[in-house]
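A.B. asks: Quick one: the structure is below, and I'll ask about it shortly.
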Number of protein chains: 2
Amino acid sequence: MSAAQMQSLDCSDCPIRHRAVCSRCEADELEALNVIKYYRSFQAGQPVIWSGDQMTFVGSVVSGIATLTQTMEDGRTQMVGLLLPSDFVGRPGRSGAAYNVVATTDVVMCCFRKKPFEELMVRTPHIAQRLLEMTLDELDAAREWMLVLGRKTAREKIASLMSILARRNASLGPELGPEPGPEEMPGAVSFDLKLTREAMADYLGLTLETVSRQITALKKAGVIRLEGKRHVIVPDMRRLIEEAGDDSDGGLVD
Amino acid sequence: MSAAQMQSLDCSDCPIRHRAVCSRCEADELEALNVIKYYRSFQAGQPVIWSGDQMTFVGSVVSGIATLTQTMEDGRTQMVGLLLPSDFVGRPGRSGAAYNVVATTDVVMCCFRKKPFEELMVRTPHIAQRLLEMTLDELDAAREWMLVLGRKTAREKIASLMSILARRNASLGPELGPEPGPEEMPGAVSFDLKLTREAMADYLGLTLETVSRQITALKKAGVIRLEGKRHVIVPDMRRLIEEAGDDSDGGLVD
DNA sequence: CGTCAGCCTTGACACAGATCAACCCGAGGT
DNA sequence: ACCTCGGGTTGATCTGTGTCAAGGCTGACG
């Protein structure tokens, strides 16, 4: 979300310099990061961590999408975060996980063993600062989402989700960002929602039926078009943002 | 919420050592903190900062209650945070405020000018670490609240709010914590909700009428009792927590 | 090629909570 | 003593989503 976060996306292909964690570190610290780092991959649907588990690592998503969810005993679940490539997972200083982390597509994560990472953090102010930065971004996102959950209608919720996904996909693709839609539609944006209707429902505090209905409603209204079930084309972003009832024009002010 | 945060409540009377910000600092750093610190007070209803304003300070609440809110153009508002004594306000490293901060009771804040505070932070790892700690706590609270907003019924929402207020009041009072209820009721907890029904509604994503109705419902069910409009007596905390449908038994796991 | 399992859509109906409206109550102010 | 005003309660009705149920589409697999 923040400018700082957007600069450091070159982690997606996780080069020697692990910029998602700290884009300002010097060679030495980066070297140290590399020493304690390893990769893990998860298949779609597989849990990464279960709430309450002991955390043995922190890390960031390299590719794929994972979700952060909470569940009540009776099964009601709420997604509390969406982890896209470059997002950080883990809470240095905390021992247990507070949420379930589940891979919704195949996911590759770049992990650091927690202990050495924390030690490195103490020695390296840049990393601690970067982490504070990222945590503040997450906090902003969570609070923005509270407005969505508490006050928006189903239709506005869907539109909000769509515009967030469009925007985030924009900051992802290898340069292309949001691929320009079919050329007959200049200015159009298109992207894949890589979530099932149910996952969207859990994110938005709705049922999957309502999600489905509102998506078709937006389609009928011409705000979006669908190719298959998952590929969305937005002919006019402003129109979508307006449907989201959003005051914040997109990115958070920084 | 976290153990670390609870230890440092002696800020409430804001002594020489500013422990809410860093309970582990040495004399020198604390001295530095004191040099750049000043107090501000706000009357009930008065805005502390308006979203988008330039932030010139950071600080923490010494007494009273303030709220963090977001508003849409059409007036719908959602409270995204509740600031009780010892809570931190401000985002080191960010220039603009992201939310409206309003004093809902008379409030005294202990402020640090932003620039020197940030400089101090860079020099003093303890403070940066403490701040990360506090931000993670806020993030946890925000995400817990997302579950409340997205998936709980009106009644569960009210119960959740009540138990949070009871719990937070507990960690506040000068030693007494949650005053033991009237002596005929051992084990009872009582506290003041210092919010109007409307403020509660904004926090819970409800209307004030629904809040009112659900409070009377809980009263009729014997889960709570009221003294006047604002003073709540909880004969049996477990009962209330159960009404909140809460898996988390109260404090977050740390 | 048929069948099966996931995922999605659509319809009919129920209900929690919003909306609109009237009224209550207690604290100041004159 | 009276008025006023902000906050709170309560009732009647409306409506957006949830719930339950049926059916469609597509891709994997025998």
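Order determines the names: the first chain of the structure tokens is A, the second B, and so forth; residues in each chain are numbered 1 upward, and ligands are numbered 1 upward as they are shown.
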Just need the residues of chain B within 12 Å of chain C, counting only C-alpha atoms (C1' of nucleotides), so spit them out as a PyMOL selection string.
C.D. replies: chain B and resi 152-155+205-211+213-214+228-229
A.B. asks: Please run DSSP on the backbone and report, as an MDAnalysis selection string, all residues within stretch 48-218 of chain B that come out as strand (DSSP E or B).
C.D. replies: chainID B and resid 48:49 54 57:63 66:71 77:83 88:89 96 100:103 107:113 179:180 189:192
A.B. asks: Residues of chain D that have any atom at most 8 Å from an atom of chain B: could you tabulate them with the shortest-distance atom pair and the distance in Å to one decimal, using only C-alpha atoms (C1' of nucleotides), ordered by chain and increasing number, as a tab-separated table?
C.D. replies:
residue	atom	partner	partner_atom	distance
D:DG7	C1'	B:Thr196	CA	7.7
D:DG8	C1'	B:Ser212	CA	7.6
D:DT9	C1'	B:Ser212	CA	7.2
A.B. asks: So, counting only C-alpha atoms, which residue among A:Val101, A:Cys111, A:Ile164, A:Val80 is closest to chain B?
C.D. replies: A:Val80
A.B. asks: Return as a ChimeraX atom specification the residues belonging to chain B that are within 8 Å of chain A, counting only C-alpha atoms.
C.D. replies: /B:52,70,72-73,76-80,91,93-96,98,122,125,128-129,131-133,135-136,138-140,142-143,145-147,149-151,204-206,245-247,252-254
A.B. asks: Using DSSP on the backbone coordinates, identify all residues within stretch 58-220 of chain A classified as helix (DSSP H, G or I); present the result as number ranges by chain.
C.D. replies: A: 114-123, 125-151, 154-170, 197-204, 208-220
A.B. asks: Using Å and a single decimal, report how far atom CA of B:Leu161 sits from atom C1' of D:DT10.
C.D. replies: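 Going from atom C1' of D:DT10 over to atom CA of B:Leu161 covers 22.8 Å.
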A.B. asks: By how many Å are atom CA of A:Val234 and atom CA of A:Lys157 apart?
C.D. replies: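 Straight-line distance from atom CA of A:Val234 to atom CA of A:Lys157 works out to 16.0 Å.
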